[in-house]
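Trainee: Below is the file structure.cif, which contains mmCIF, C-alpha atoms and all ligand atoms.
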data_structure
loop_
_atom_site.label_atom_id
_atom_site.label_comp_id
_atom_site.auth_asym_id
_atom_site.auth_seq_id
_atom_site.Cartn_x
_atom_site.Cartn_y
_atom_site.Cartn_z
CA VAL X 1 -56.93 -34.94 69.52
CA GLN X 2 -53.44 -33.49 69.88
CA GLY X 3 -53.90 -31.40 66.72
CA LYS X 4 -57.18 -29.97 67.91
CA LEU X 5 -55.77 -29.22 71.37
CA ASP X 6 -52.85 -27.40 69.72
CA SER X 7 -55.10 -25.27 67.55
CA LEU X 8 -57.33 -24.49 70.52
CA ALA X 9 -54.30 -23.39 72.52
CA ALA X 10 -53.13 -21.17 69.66
CA SER X 11 -56.57 -19.76 68.88
CA THR X 12 -57.40 -16.09 69.33
CA ASN X 13 -61.17 -16.47 69.00
CA ASN X 14 -61.87 -16.62 72.76
CA SER X 15 -63.90 -19.71 72.10
CA ALA X 16 -62.44 -21.68 75.01
CA ASN X 17 -62.93 -21.23 78.74
CA PHE X 18 -61.06 -24.35 79.86
CA VAL X 19 -59.02 -26.69 77.65
CA LEU X 20 -58.97 -30.21 79.09
CA THR X 21 -55.56 -31.21 77.71
CA GLU X 22 -54.23 -33.83 80.10
CA LYS X 23 -57.28 -36.05 80.47
CA ALA X 24 -58.09 -35.78 76.77
CA LEU X 25 -54.63 -37.01 75.81
CA GLU X 26 -54.85 -39.90 78.28
CA LYS X 27 -58.13 -41.00 76.73
CA ALA X 28 -56.79 -40.59 73.21
CA ALA X 29 -53.80 -42.79 74.05
CA LEU X 30 -56.17 -45.57 75.09
CA VAL X 31 -57.98 -45.39 71.77
CA ASP X 32 -54.63 -45.37 69.92
CA ALA X 33 -53.60 -48.49 71.79
CA LYS X 34 -56.82 -50.22 70.74
CA ILE X 35 -56.26 -49.30 67.10
CA ASN X 36 -52.65 -50.48 67.25
CA LYS X 37 -53.79 -53.83 68.60
CA GLY X 38 -56.07 -54.12 65.59
CA GLU X 39 -59.25 -53.86 67.68
CA SER X 40 -62.24 -52.27 66.06
CA ILE X 41 -63.52 -49.02 67.50
CA GLY X 42 -66.96 -47.39 67.64
CA LEU X 43 -68.23 -44.56 65.48
CA LEU X 44 -67.57 -41.87 68.08
CA GLU X 45 -64.56 -43.45 69.75
CA GLY X 46 -61.63 -41.03 69.99
CA ILE X 47 -63.60 -38.17 68.45
CA PRO X 48 -62.74 -34.86 70.17
CA PHE X 49 -65.68 -32.64 71.06
CA GLY X 50 -66.40 -29.42 72.89
CA LEU X 51 -69.13 -28.58 75.36
CA LYS X 52 -70.65 -25.25 76.20
CA ASP X 53 -69.46 -24.23 79.65
CA VAL X 54 -72.91 -24.75 81.15
CA TYR X 55 -72.61 -28.55 81.24
CA LEU X 56 -71.28 -30.46 84.19
CA LEU X 57 -68.33 -32.75 83.60
CA GLN X 58 -67.22 -34.38 86.81
CA GLY X 59 -64.02 -32.94 88.28
CA GLU X 60 -63.84 -30.10 85.74
CA PRO X 61 -64.84 -26.43 86.04
CA ALA X 62 -68.34 -25.38 85.00
CA SER X 63 -68.36 -21.59 85.03
CA ALA X 64 -71.35 -20.64 82.84
CA SER X 65 -68.90 -17.91 81.72
CA SER X 66 -69.58 -16.11 85.01
CA ASP X 67 -67.40 -14.81 87.84
CA PHE X 68 -69.81 -16.55 90.19
CA LEU X 69 -68.82 -20.05 89.13
CA LYS X 70 -65.32 -19.44 87.78
CA LYS X 71 -63.85 -21.78 90.40
CA TYR X 72 -66.80 -24.15 90.65
CA ILE X 73 -65.94 -27.82 90.02
CA SER X 74 -68.64 -30.15 88.70
CA PRO X 75 -69.64 -32.86 91.16
CA TYR X 76 -71.10 -35.14 88.47
CA THR X 77 -71.44 -35.43 84.68
CA ALA X 78 -74.47 -34.33 82.64
CA THR X 79 -76.43 -37.23 81.13
CA ALA X 80 -75.91 -36.03 77.55
CA ILE X 81 -72.17 -35.63 78.02
CA GLN X 82 -71.93 -39.01 79.76
CA LYS X 83 -73.63 -40.68 76.79
CA LEU X 84 -70.98 -39.28 74.46
CA ILE X 85 -68.19 -40.34 76.79
CA ASP X 86 -69.70 -43.83 77.00
CA ALA X 87 -69.63 -43.94 73.20
CA GLY X 88 -65.90 -43.13 73.34
CA ALA X 89 -65.98 -39.45 72.36
CA ILE X 90 -63.41 -37.26 74.14
CA PRO X 91 -64.32 -33.90 75.71
CA ILE X 92 -61.47 -31.47 75.01
CA VAL X 93 -62.83 -28.02 75.86
CA LYS X 94 -65.40 -26.14 77.96
CA GLU X 95 -66.60 -23.45 75.58
CA ASN X 96 -67.14 -19.73 75.97
CA CYS X 97 -70.77 -18.58 75.94
CA ASP X 98 -72.97 -15.80 77.21
CA SER X 99 -73.10 -15.93 80.98
CA PHE X 100 -75.82 -18.42 82.04
CA GLY X 101 -77.00 -18.43 78.40
CA HIS X 102 -78.08 -14.78 78.67
CA GLY X 103 -77.34 -13.27 75.30
CA SER X 104 -77.17 -13.53 71.54
CA SER X 105 -73.52 -12.71 70.87
CA THR X 106 -71.11 -14.26 73.43
CA GLU X 107 -70.18 -10.76 74.55
CA ASN X 108 -71.87 -11.19 77.94
CA THR X 109 -69.00 -13.32 79.26
CA VAL X 110 -66.18 -12.84 81.76
CA PHE X 111 -63.75 -14.61 79.38
CA GLY X 112 -63.79 -11.90 76.68
CA SER X 113 -66.04 -11.68 73.61
CA ALA X 114 -65.83 -14.65 71.26
CA LYS X 115 -65.00 -13.71 67.68
CA ASN X 116 -66.76 -14.98 64.59
CA ALA X 117 -64.96 -17.78 62.75
CA LEU X 118 -65.41 -16.08 59.36
CA ASP X 119 -64.70 -12.47 60.35
CA GLU X 120 -63.00 -11.60 63.62
CA ASN X 121 -64.64 -8.16 63.72
CA LYS X 122 -68.05 -9.76 63.98
CA VAL X 123 -69.73 -11.49 66.91
CA ALA X 124 -69.70 -15.25 67.25
CA GLY X 125 -73.40 -15.22 68.02
CA GLY X 126 -74.79 -16.67 71.17
CA SER X 127 -75.21 -17.85 73.60
CA SER X 128 -73.34 -20.98 72.34
CA GLY X 129 -70.86 -18.79 70.42
CA GLY X 130 -67.65 -20.56 71.43
CA SER X 131 -69.16 -23.90 70.39
CA ALA X 132 -70.09 -22.70 66.90
CA VAL X 133 -66.70 -21.04 66.38
CA ASN X 134 -64.82 -24.18 67.45
CA VAL X 135 -66.75 -26.31 64.98
CA ALA X 136 -66.37 -23.79 62.15
CA LYS X 137 -62.63 -23.52 62.84
CA ASN X 138 -62.23 -27.33 63.09
CA TYR X 139 -60.98 -27.03 66.69
CA THR X 140 -63.58 -29.61 67.67
CA ALA X 141 -65.16 -32.32 65.53
CA PHE X 142 -68.50 -31.26 66.98
CA SER X 143 -69.73 -29.32 69.98
CA ILE X 144 -72.66 -29.60 72.34
CA GLY X 145 -74.49 -26.30 72.68
CA GLY X 146 -77.61 -25.39 74.61
CA ASP X 147 -80.62 -23.63 73.13
CA THR X 148 -83.26 -21.81 75.15
CA GLY X 149 -84.37 -19.26 72.56
CA GLY X 150 -81.92 -19.68 69.68
CA SER X 151 -78.53 -20.24 71.27
CA ILE X 152 -77.57 -23.19 69.08
CA ARG X 153 -79.28 -22.05 65.88
CA GLN X 154 -78.16 -18.44 65.75
CA PRO X 155 -74.41 -18.92 66.35
CA ALA X 156 -74.51 -21.88 63.93
CA GLY X 157 -76.00 -19.48 61.37
CA TYR X 158 -73.44 -16.74 62.06
CA ASN X 159 -70.54 -19.21 61.65
CA LYS X 160 -72.06 -21.20 58.76
CA VAL X 161 -72.31 -24.64 60.36
CA TYR X 162 -75.23 -26.91 61.26
CA GLY X 163 -76.94 -26.54 64.62
CA LEU X 164 -79.91 -28.61 65.80
CA LYS X 165 -82.34 -27.69 68.54
CA PRO X 166 -84.15 -30.99 69.11
CA THR X 167 -87.73 -31.38 70.33
CA TYR X 168 -88.07 -30.27 73.95
CA GLY X 169 -87.53 -33.34 76.13
CA ARG X 170 -85.85 -35.51 73.51
CA ILE X 171 -82.47 -35.13 75.27
CA SER X 172 -82.02 -35.07 79.04
CA ARG X 173 -81.23 -31.70 80.63
CA TYR X 174 -79.75 -33.33 83.73
CA GLY X 175 -76.41 -31.62 84.37
CA LEU X 176 -77.18 -28.64 82.13
CA MET X 177 -77.30 -25.49 84.25
CA ALA X 178 -80.89 -24.29 84.01
CA TYR X 179 -81.63 -21.00 82.27
CA ALA X 180 -85.35 -21.22 81.39
CA SER X 181 -86.24 -24.80 82.22
CA SER X 182 -89.39 -24.87 80.10
CA THR X 183 -87.49 -24.20 76.85
CA ASP X 184 -83.89 -25.34 77.62
CA VAL X 185 -82.71 -27.95 75.11
CA VAL X 186 -79.41 -29.79 74.56
CA GLY X 187 -78.21 -30.13 70.98
CA PRO X 188 -75.29 -30.61 68.59
CA ILE X 189 -73.38 -28.17 66.39
CA ALA X 190 -71.46 -29.88 63.58
CA LYS X 191 -70.21 -29.57 60.04
CA SER X 192 -72.32 -32.28 58.43
CA LEU X 193 -75.86 -33.58 58.63
CA GLU X 194 -74.54 -37.08 59.16
CA ASP X 195 -72.68 -35.89 62.28
CA ILE X 196 -75.84 -34.20 63.53
CA ARG X 197 -77.82 -37.41 62.96
CA ILE X 198 -75.31 -39.63 64.78
CA ILE X 199 -75.02 -37.30 67.77
CA LEU X 200 -78.79 -36.82 68.00
CA ASN X 201 -79.30 -40.58 68.11
CA THR X 202 -76.57 -40.97 70.73
CA LEU X 203 -78.00 -38.28 73.01
CA SER X 204 -81.75 -39.00 72.77
CA GLY X 205 -83.68 -40.95 75.34
CA GLN X 206 -85.64 -40.87 78.55
CA ASP X 207 -83.76 -40.16 81.75
CA TYR X 208 -84.96 -40.80 85.26
CA HIS X 209 -83.16 -37.57 86.31
CA ASP X 210 -85.19 -35.39 83.92
CA GLN X 211 -88.89 -36.11 84.12
CA THR X 212 -89.62 -34.03 81.02
CA THR X 213 -87.72 -36.46 78.78
CA ILE X 214 -89.69 -38.30 76.12
CA GLU X 215 -89.28 -41.47 74.11
CA SER X 216 -88.07 -41.07 70.54
CA THR X 217 -87.18 -43.14 67.50
CA PRO X 218 -83.62 -42.93 66.13
CA VAL X 219 -83.31 -41.18 62.77
CA SER X 220 -81.96 -43.60 60.16
CA LYS X 221 -79.52 -42.78 57.39
CA GLU X 222 -81.94 -44.20 54.83
CA VAL X 223 -84.67 -41.79 55.90
CA VAL X 224 -82.31 -38.80 55.73
CA GLU X 225 -81.19 -39.80 52.24
CA ASP X 226 -84.71 -40.36 50.87
CA THR X 227 -84.78 -37.45 48.42
CA ASP X 228 -87.97 -38.62 46.71
CA LYS X 229 -89.82 -38.42 50.00
CA ALA X 230 -88.23 -35.04 50.79
CA LYS X 231 -89.70 -33.54 47.62
CA THR X 232 -93.21 -34.44 48.76
CA LEU X 233 -92.87 -32.63 52.10
CA LYS X 234 -95.20 -29.65 52.19
CA VAL X 235 -93.36 -26.44 53.01
CA GLY X 236 -94.79 -23.36 54.69
CA TYR X 237 -93.29 -20.04 55.66
CA TYR X 238 -94.43 -17.20 57.89
CA LYS X 239 -95.29 -14.29 55.62
CA ASN X 240 -94.89 -11.65 58.32
CA PHE X 241 -91.30 -12.80 59.05
CA ILE X 242 -90.51 -11.83 55.45
CA GLU X 243 -92.92 -8.95 54.69
CA THR X 244 -91.53 -6.70 57.40
CA GLU X 245 -89.33 -3.64 57.56
CA ALA X 246 -87.24 -5.34 60.23
CA ILE X 247 -85.67 -7.78 57.74
CA HIS X 248 -82.48 -6.95 55.83
CA PRO X 249 -83.19 -6.72 52.07
CA ASN X 250 -80.54 -9.33 51.19
CA ILE X 251 -81.92 -11.85 53.67
CA LYS X 252 -85.42 -11.27 52.29
CA LYS X 253 -84.25 -11.58 48.69
CA ASP X 254 -82.26 -14.77 49.31
CA PHE X 255 -85.11 -16.35 51.24
CA LEU X 256 -87.70 -15.58 48.58
CA SER X 257 -85.44 -16.82 45.80
CA LEU X 258 -85.07 -20.12 47.68
CA MET X 259 -88.89 -20.35 47.81
CA THR X 260 -89.03 -19.77 44.05
CA LYS X 261 -86.40 -22.43 43.51
CA LEU X 262 -88.31 -24.93 45.65
CA LYS X 263 -91.53 -24.29 43.71
CA ALA X 264 -89.63 -24.84 40.46
CA LEU X 265 -88.53 -28.22 41.84
CA GLY X 266 -92.17 -29.11 42.37
CA VAL X 267 -92.23 -28.60 46.14
CA SER X 268 -95.50 -27.28 47.58
CA VAL X 269 -94.84 -23.92 49.27
CA THR X 270 -97.57 -22.19 51.31
CA GLU X 271 -97.58 -18.75 52.92
CA LEU X 272 -98.80 -18.81 56.52
CA ASP X 273 -99.92 -16.14 58.96
CA PHE X 274 -98.22 -15.84 62.30
CA TYR X 275 -97.75 -13.68 65.37
CA GLU X 276 -95.70 -10.51 65.03
CA SER X 277 -92.05 -10.77 66.02
CA ASP X 278 -92.62 -8.26 68.84
CA THR X 279 -95.22 -10.54 70.39
CA LEU X 280 -92.94 -13.55 70.13
CA VAL X 281 -89.92 -11.74 71.56
CA SER X 282 -91.83 -10.20 74.47
CA THR X 283 -93.57 -13.47 75.33
CA TYR X 284 -90.28 -15.33 75.27
CA TYR X 285 -88.33 -12.77 77.30
CA THR X 286 -91.09 -12.46 79.92
CA LEU X 287 -91.06 -16.21 80.51
CA ALA X 288 -87.28 -16.64 80.16
CA MET X 289 -86.59 -13.84 82.66
CA ALA X 290 -89.14 -15.19 85.13
CA GLU X 291 -87.63 -18.66 84.94
CA THR X 292 -84.03 -17.50 85.18
CA ALA X 293 -84.83 -15.29 88.18
CA SER X 294 -86.17 -18.41 89.90
CA ASN X 295 -83.37 -20.71 88.76
CA LEU X 296 -80.59 -18.32 89.74
CA ALA X 297 -82.02 -17.72 93.21
CA ARG X 298 -79.93 -20.70 94.29
CA LEU X 299 -76.74 -18.74 93.63
CA ASP X 300 -76.50 -16.78 96.87
CA GLY X 301 -73.09 -17.60 98.28
CA THR X 302 -74.21 -20.50 100.46
CA ASN X 303 -74.02 -23.57 98.24
CA TYR X 304 -72.34 -22.89 94.90
CA GLY X 305 -69.42 -20.84 93.69
CA ASP X 306 -68.11 -17.62 95.13
CA ARG X 307 -69.06 -16.18 98.53
CA LYS X 308 -68.46 -12.62 99.67
CA GLU X 309 -68.12 -11.40 103.24
CA GLY X 310 -70.98 -9.71 105.07
CA LYS X 311 -72.22 -8.92 108.61
CA ASN X 312 -75.27 -11.13 108.23
CA LEU X 313 -76.84 -13.54 105.75
CA LYS X 314 -78.70 -10.79 103.91
CA GLU X 315 -75.49 -8.87 103.36
CA ILE X 316 -73.68 -11.99 102.20
CA TYR X 317 -76.44 -12.67 99.65
CA ALA X 318 -76.48 -9.09 98.40
CA GLN X 319 -72.72 -8.68 98.17
CA THR X 320 -72.18 -12.07 96.52
CA ARG X 321 -74.88 -11.50 93.92
CA SER X 322 -73.98 -7.85 93.23
CA ASP X 323 -70.31 -8.64 92.67
CA ASN X 324 -70.72 -11.79 90.65
CA PHE X 325 -73.56 -11.38 88.15
CA THR X 326 -73.03 -9.38 84.96
CA GLU X 327 -75.21 -6.35 84.18
CA GLU X 328 -77.22 -8.35 81.64
CA THR X 329 -77.88 -11.17 84.09
CA LYS X 330 -78.92 -8.65 86.75
CA ARG X 331 -81.30 -7.02 84.26
CA ARG X 332 -82.95 -10.39 83.72
CA ILE X 333 -83.18 -11.26 87.40
CA VAL X 334 -84.74 -7.89 88.21
CA GLY X 335 -87.10 -8.14 85.21
CA GLY X 336 -88.02 -11.72 86.04
CA ASN X 337 -88.79 -10.98 89.68
CA GLN X 338 -90.85 -8.00 88.63
CA VAL X 339 -93.09 -9.94 86.23
CA LEU X 340 -93.58 -12.61 88.90
CA SER X 341 -94.39 -10.19 91.71
CA THR X 342 -97.81 -9.62 93.26
CA GLY X 343 -99.73 -7.08 91.25
CA HIS X 344 -97.72 -7.70 88.09
CA SER X 345 -97.95 -11.41 87.55
CA GLU X 346 -101.54 -11.38 86.26
CA ALA X 347 -100.88 -8.51 83.89
CA ILE X 348 -97.54 -9.75 82.55
CA TYR X 349 -96.39 -13.25 83.50
CA LEU X 350 -99.74 -15.04 83.26
CA LYS X 351 -100.53 -13.19 80.05
CA ALA X 352 -97.27 -14.43 78.55
CA ARG X 353 -98.15 -17.98 79.68
CA ALA X 354 -101.53 -17.71 77.95
CA LEU X 355 -99.94 -16.35 74.78
CA ARG X 356 -97.45 -19.17 74.78
CA ASN X 357 -100.33 -21.66 74.79
CA GLU X 358 -101.92 -19.82 71.87
CA ILE X 359 -98.64 -19.91 69.95
CA SER X 360 -98.36 -23.66 70.57
CA ASP X 361 -101.93 -24.17 69.34
CA LYS X 362 -101.13 -22.17 66.21
CA PHE X 363 -98.16 -24.45 65.50
CA SER X 364 -100.36 -27.52 65.99
CA SER X 365 -102.86 -26.25 63.44
CA ASP X 366 -100.13 -25.14 60.99
CA PHE X 367 -98.59 -28.59 61.05
CA GLU X 368 -101.90 -30.05 59.96
CA THR X 369 -101.37 -28.33 56.59
CA VAL X 370 -97.58 -28.30 56.21
CA ASP X 371 -94.74 -30.68 57.16
CA ILE X 372 -91.91 -28.17 57.31
CA VAL X 373 -91.72 -24.47 58.16
CA LEU X 374 -88.81 -22.54 56.67
CA SER X 375 -87.50 -19.20 57.89
CA PRO X 376 -84.29 -17.23 57.99
CA VAL X 377 -82.40 -17.73 61.27
CA THR X 378 -82.15 -13.99 61.92
CA PRO X 379 -83.67 -10.86 60.39
CA GLN X 380 -80.32 -9.07 60.13
CA PRO X 381 -76.77 -10.07 59.14
CA THR X 382 -74.11 -10.92 61.74
CA PRO X 383 -73.46 -7.80 63.86
CA LEU X 384 -70.04 -6.32 64.54
CA ILE X 385 -68.57 -6.86 67.99
CA GLY X 386 -69.95 -4.10 70.23
CA GLU X 387 -72.72 -3.14 67.80
CA ASN X 388 -75.69 -4.21 69.94
CA LEU X 389 -73.97 -4.33 73.29
CA LYS X 390 -75.34 -1.04 74.63
CA ASP X 391 -78.81 -1.70 73.25
CA PRO X 392 -80.44 -4.69 74.97
CA LEU X 393 -83.64 -4.28 72.98
CA ALA X 394 -81.81 -4.56 69.64
CA MET X 395 -80.08 -7.65 71.02
CA TYR X 396 -83.41 -9.21 72.07
CA LEU X 397 -85.00 -8.40 68.70
CA SER X 398 -82.24 -10.27 66.88
CA ASP X 399 -83.91 -13.40 68.31
CA ALA X 400 -87.19 -12.67 66.50
CA TYR X 401 -87.17 -15.79 64.31
CA THR X 402 -85.83 -18.33 66.81
CA VAL X 403 -87.76 -17.77 70.06
CA GLY X 404 -91.21 -18.74 68.74
CA PHE X 405 -90.12 -22.29 67.92
CA SER X 406 -88.60 -22.55 71.41
CA LEU X 407 -91.93 -21.57 72.97
CA GLY X 408 -93.54 -24.35 70.92
CA GLY X 409 -90.92 -26.93 71.98
CA LEU X 410 -90.42 -27.75 68.29
CA PRO X 411 -87.36 -29.33 66.67
CA THR X 412 -85.53 -26.93 64.40
CA LEU X 413 -82.26 -26.93 62.52
CA THR X 414 -79.98 -24.22 61.21
CA ALA X 415 -78.55 -25.19 57.83
CA PRO X 416 -75.68 -23.04 56.52
CA GLN X 417 -77.47 -22.03 53.32
CA GLY X 418 -80.45 -20.12 51.98
CA THR X 419 -79.57 -16.76 53.50
CA GLU X 420 -76.41 -15.15 54.81
CA THR X 421 -77.12 -16.21 58.40
CA GLY X 422 -78.57 -19.59 57.49
CA LEU X 423 -81.89 -21.29 56.94
CA GLN X 424 -84.05 -22.52 59.80
CA ILE X 425 -85.89 -25.77 59.08
CA THR X 426 -88.62 -26.57 61.59
CA ALA X 427 -91.03 -29.50 61.94
CA ASN X 428 -93.72 -30.60 64.35
CA LYS X 429 -92.67 -32.20 67.64
CA SER X 430 -90.44 -35.28 67.11
CA GLY X 431 -90.12 -34.43 63.40
CA GLU X 432 -86.30 -34.45 63.41
CA ASP X 433 -86.36 -37.12 60.67
CA SER X 434 -88.25 -34.83 58.26
CA ILE X 435 -85.96 -31.91 59.11
CA LEU X 436 -82.77 -33.83 58.36
CA GLN X 437 -84.34 -35.34 55.25
CA PHE X 438 -85.32 -31.94 53.93
CA ALA X 439 -81.92 -30.40 54.79
CA ASN X 440 -80.20 -33.23 52.92
CA PHE X 441 -82.45 -32.63 49.92
CA LEU X 442 -81.43 -28.95 49.85
CA ASN X 443 -77.74 -29.89 49.61
N1 LIG A 1 -80.67 -14.90 73.03
C1 LIG A 1 -81.67 -15.57 73.78
C2 LIG A 1 -81.62 -15.10 75.22
O1 LIG A 1 -80.75 -14.38 75.56
C3 LIG A 1 -81.51 -17.05 73.72
C4 LIG A 1 -80.38 -17.53 74.53
C5 LIG A 1 -80.36 -19.02 74.66
O2 LIG A 1 -80.96 -19.73 73.86
N2 LIG A 1 -79.68 -19.48 75.70
O3 LIG A 1 -82.42 -15.47 76.01
#
Let me see the structure of the file written as structure tokens.
Ligand code: GLN
Mentor:
Amino acid sequence: VQGKLDSLAASTNNSANFVLTEKALEKAALVDAKINKGESIGLLEGIPFGLKDVYLLQGEPASASSDFLKKYISPYTATAIQKLIDAGAIPIVKENCDSFGHGSSTENTVFGSAKNALDENKVAGGSSGGSAVNVAKNYTAFSIGGDTGGSIRQPAGYNKVYGLKPTYGRISRYGLMAYASSTDVVGPIAKSLEDIRIILNTLSGQDYHDQTTIESTPVSKEVVEDTDKAKTLKVGYYKNFIETEAIHPNIKKDFLSLMTKLKALGVSVTELDFYESDTLVSTYYTLAMAETASNLARLDGTNYGDRKEGKNLKEIYAQTRSDNFTEETKRRIVGGNQVLSTGHSEAIYLKARALRNEISDKFSSDFETVDIVLSPVTPQPTPLIGENLKDPLAMYLSDAYTVGFSLGGLPTLTAPQGTETGLQITANKSGEDSILQFANFLN
């Protein structure tokens, strides 16, 4: 714990918003004492971890990397984080991310852009950029990210670590600041599949505080290591993700050579049709903006975070919101309110809702013929810092391969292999066991 706190303090990656030194050391001392007495300790006991700064941890700041909540102190602890603490794991850092999860690079943050763990000139990815960097740099043993449209998977890919977006509802969202509630998911970023498995099992479960949570079966080590079974899993991939001008030639080449390799190993590989990336990205962003506009309405200077002066309530609202949200967050609030407004909602918002249902139905029928869908994590390699910052559309399009699976609520894992920015392994709802099994087989 001390070693990781030291490296975090010395780091120049801007991966940390708040380092929780004192309390972490107190907790570590208790675990040391247990070990010295010869007592046995649990699997996660004393393990230092990081959490994206959108999770509540009682008594600690929860800023969402925004000016709005820079001084906000969490009144309670998120269910997922509490489960880790109950298992003995030690939170050591609140991690830099895109403000309120809005972004794909961890540049939309008031704490300074996070830098990629492998090349400091490149972005960390986002929105859980700080979390992926900390894992890649060994500053944390694992980190808890949040994924609404790719925010665990894409930074994991950019920093070459594992990142799992579990099935929607498998892990409680209670105490995670809501971005788009209908796709928000809690998940781990780690260096090994075994770590991902252990954390997934620790976090999963129904929670009275989140009525969308579902029951699930723990994933066993035996299942993950069953290579014979893995070989029989039927693989599919979306042809139009690969046969497009939007993909970088190296990513295409690496992906197709992996498909060839799998076929040579006797794995069944099927090409599938799918929606165009533009359709997926616009459906996702329409819904995500609508939901975030609603969720962030509660930040108005009366209950949470900063409050600016004004002659009346309206002025207080306006001044507080104008001064405290970033340009990107404002763009989303304005866009979200527009697609929800009278006269526009039928043409845009409700259309996106209908498309989302169609996309979900398409997944259901695809998973009648295949067990696993493979895809690159992103169409393009990791961008340089600043590269997409002035071009929101380019930033949104970098999410082309991740947002569809979010709309479907499907479990999906980034594995640091296959292509430069990683391989995305997706299964039908609650298929985390097949995903981990297949990822293990690829190692
Ligand atoms: N980049 C996507 C967005 O900005 C996804 C972010 C996320 O998953 N939080 O909406």
Trainee: Give me the residues of chain X that have any atom at most 6 Å from an atom of ligand LIG 1 (chain A); for each, the nearest atom pair and the distance in Å, rounded to one decimal. Use only C-alpha atoms and all ligand atoms, sort by chain and number, and format it as a Markdown table.
Mentor:
| residue | atom | partner | partner_atom | distance |
| --- | --- | --- | --- | --- |
| X:Gly101 | CA | A:LIG1 | N2 | 3.9 |
| X:His102 | CA | A:LIG1 | O1 | 4.1 |
| X:Gly103 | CA | A:LIG1 | O1 | 3.6 |
| X:Ser104 | CA | A:LIG1 | N1 | 4.0 |
| X:Ser127 | CA | A:LIG1 | N2 | 5.2 |
| X:Asp147 | CA | A:LIG1 | O2 | 4.0 |
| X:Thr148 | CA | A:LIG1 | O2 | 3.4 |
| X:Gly149 | CA | A:LIG1 | O2 | 3.7 |
| X:Gly150 | CA | A:LIG1 | O2 | 4.3 |
| X:Ser151 | CA | A:LIG1 | O2 | 3.6 |
| X:Asp399 | CA | A:LIG1 | N1 | 5.9 |
Trainee: Residues at most 10 Å from region 62-74 of chain X, counting only C-alpha atoms, excluding those fewer than 4 positions away in the same chain, as a ChimeraX atom specification?
Mentor: /X:17-18,52-58,78,94-102,106,108-112,175-177,299-301,304-307,320-321,323-326,329
Trainee: Hey, can you spit out that residue selection with C-alpha atoms as an mmCIF file, in the coordinates of the input?
Mentor:
data_model
loop_
_atom_site.group_PDB
_atom_site.id
_atom_site.type_symbol
_atom_site.label_atom_id
_atom_site.label_comp_id
_atom_site.auth_asym_id
_atom_site.auth_seq_id
_atom_site.Cartn_x
_atom_site.Cartn_y
_atom_site.Cartn_z
ATOM 1 C CA ASN X 17 -62.930 -21.230 78.740
ATOM 2 C CA PHE X 18 -61.060 -24.350 79.860
ATOM 3 C CA LYS X 52 -70.650 -25.250 76.200
ATOM 4 C CA ASP X 53 -69.460 -24.230 79.650
ATOM 5 C CA VAL X 54 -72.910 -24.750 81.150
ATOM 6 C CA TYR X 55 -72.610 -28.550 81.240
ATOM 7 C CA LEU X 56 -71.280 -30.460 84.190
ATOM 8 C CA LEU X 57 -68.330 -32.750 83.600
ATOM 9 C CA GLN X 58 -67.220 -34.380 86.810
ATOM 10 C CA ALA X 78 -74.470 -34.330 82.640
ATOM 11 C CA LYS X 94 -65.400 -26.140 77.960
ATOM 12 C CA GLU X 95 -66.600 -23.450 75.580
ATOM 13 C CA ASN X 96 -67.140 -19.730 75.970
ATOM 14 C CA CYS X 97 -70.770 -18.580 75.940
ATOM 15 C CA ASP X 98 -72.970 -15.800 77.210
ATOM 16 C CA SER X 99 -73.100 -15.930 80.980
ATOM 17 C CA PHE X 100 -75.820 -18.420 82.040
ATOM 18 C CA GLY X 101 -77.000 -18.430 78.400
ATOM 19 C CA HIS X 102 -78.080 -14.780 78.670
ATOM 20 C CA THR X 106 -71.110 -14.260 73.430
ATOM 21 C CA ASN X 108 -71.870 -11.190 77.940
ATOM 22 C CA THR X 109 -69.000 -13.320 79.260
ATOM 23 C CA VAL X 110 -66.180 -12.840 81.760
ATOM 24 C CA PHE X 111 -63.750 -14.610 79.380
ATOM 25 C CA GLY X 112 -63.790 -11.900 76.680
ATOM 26 C CA GLY X 175 -76.410 -31.620 84.370
ATOM 27 C CA LEU X 176 -77.180 -28.640 82.130
ATOM 28 C CA MET X 177 -77.300 -25.490 84.250
ATOM 29 C CA LEU X 299 -76.740 -18.740 93.630
ATOM 30 C CA ASP X 300 -76.500 -16.780 96.870
ATOM 31 C CA GLY X 301 -73.090 -17.600 98.280
ATOM 32 C CA TYR X 304 -72.340 -22.890 94.900
ATOM 33 C CA GLY X 305 -69.420 -20.840 93.690
ATOM 34 C CA ASP X 306 -68.110 -17.620 95.130
ATOM 35 C CA ARG X 307 -69.060 -16.180 98.530
ATOM 36 C CA THR X 320 -72.180 -12.070 96.520
ATOM 37 C CA ARG X 321 -74.880 -11.500 93.920
ATOM 38 C CA ASP X 323 -70.310 -8.640 92.670
ATOM 39 C CA ASN X 324 -70.720 -11.790 90.650
ATOM 40 C CA PHE X 325 -73.560 -11.380 88.150
ATOM 41 C CA THR X 326 -73.030 -9.380 84.960
ATOM 42 C CA THR X 329 -77.880 -11.170 84.090
#
Trainee: If you measure from CA of Val185 (chain X) to CA of Ala288 (chain X), what distance in Å do you get, rounded to one decimal?
Mentor: 13.2 Å
Trainee: Can you tell me, as JSON, the centre and edge lengths (Å, one decimal) of the axis-aligned box enclosing all of region 376-385 of chain X's listed atoms after padding each side by 4 Å?
Mentor:
{"center_x": -76.4, "center_y": -12.0, "center_z": 63.0, "size_x": 23.7, "size_y": 19.4, "size_z": 18.0}
Trainee: To one decimal in Å, tell me the separation between CA of Pro75 (chain X) and CA of Tyr174 (chain X).
Mentor: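 It comes out at 12.6 Å.
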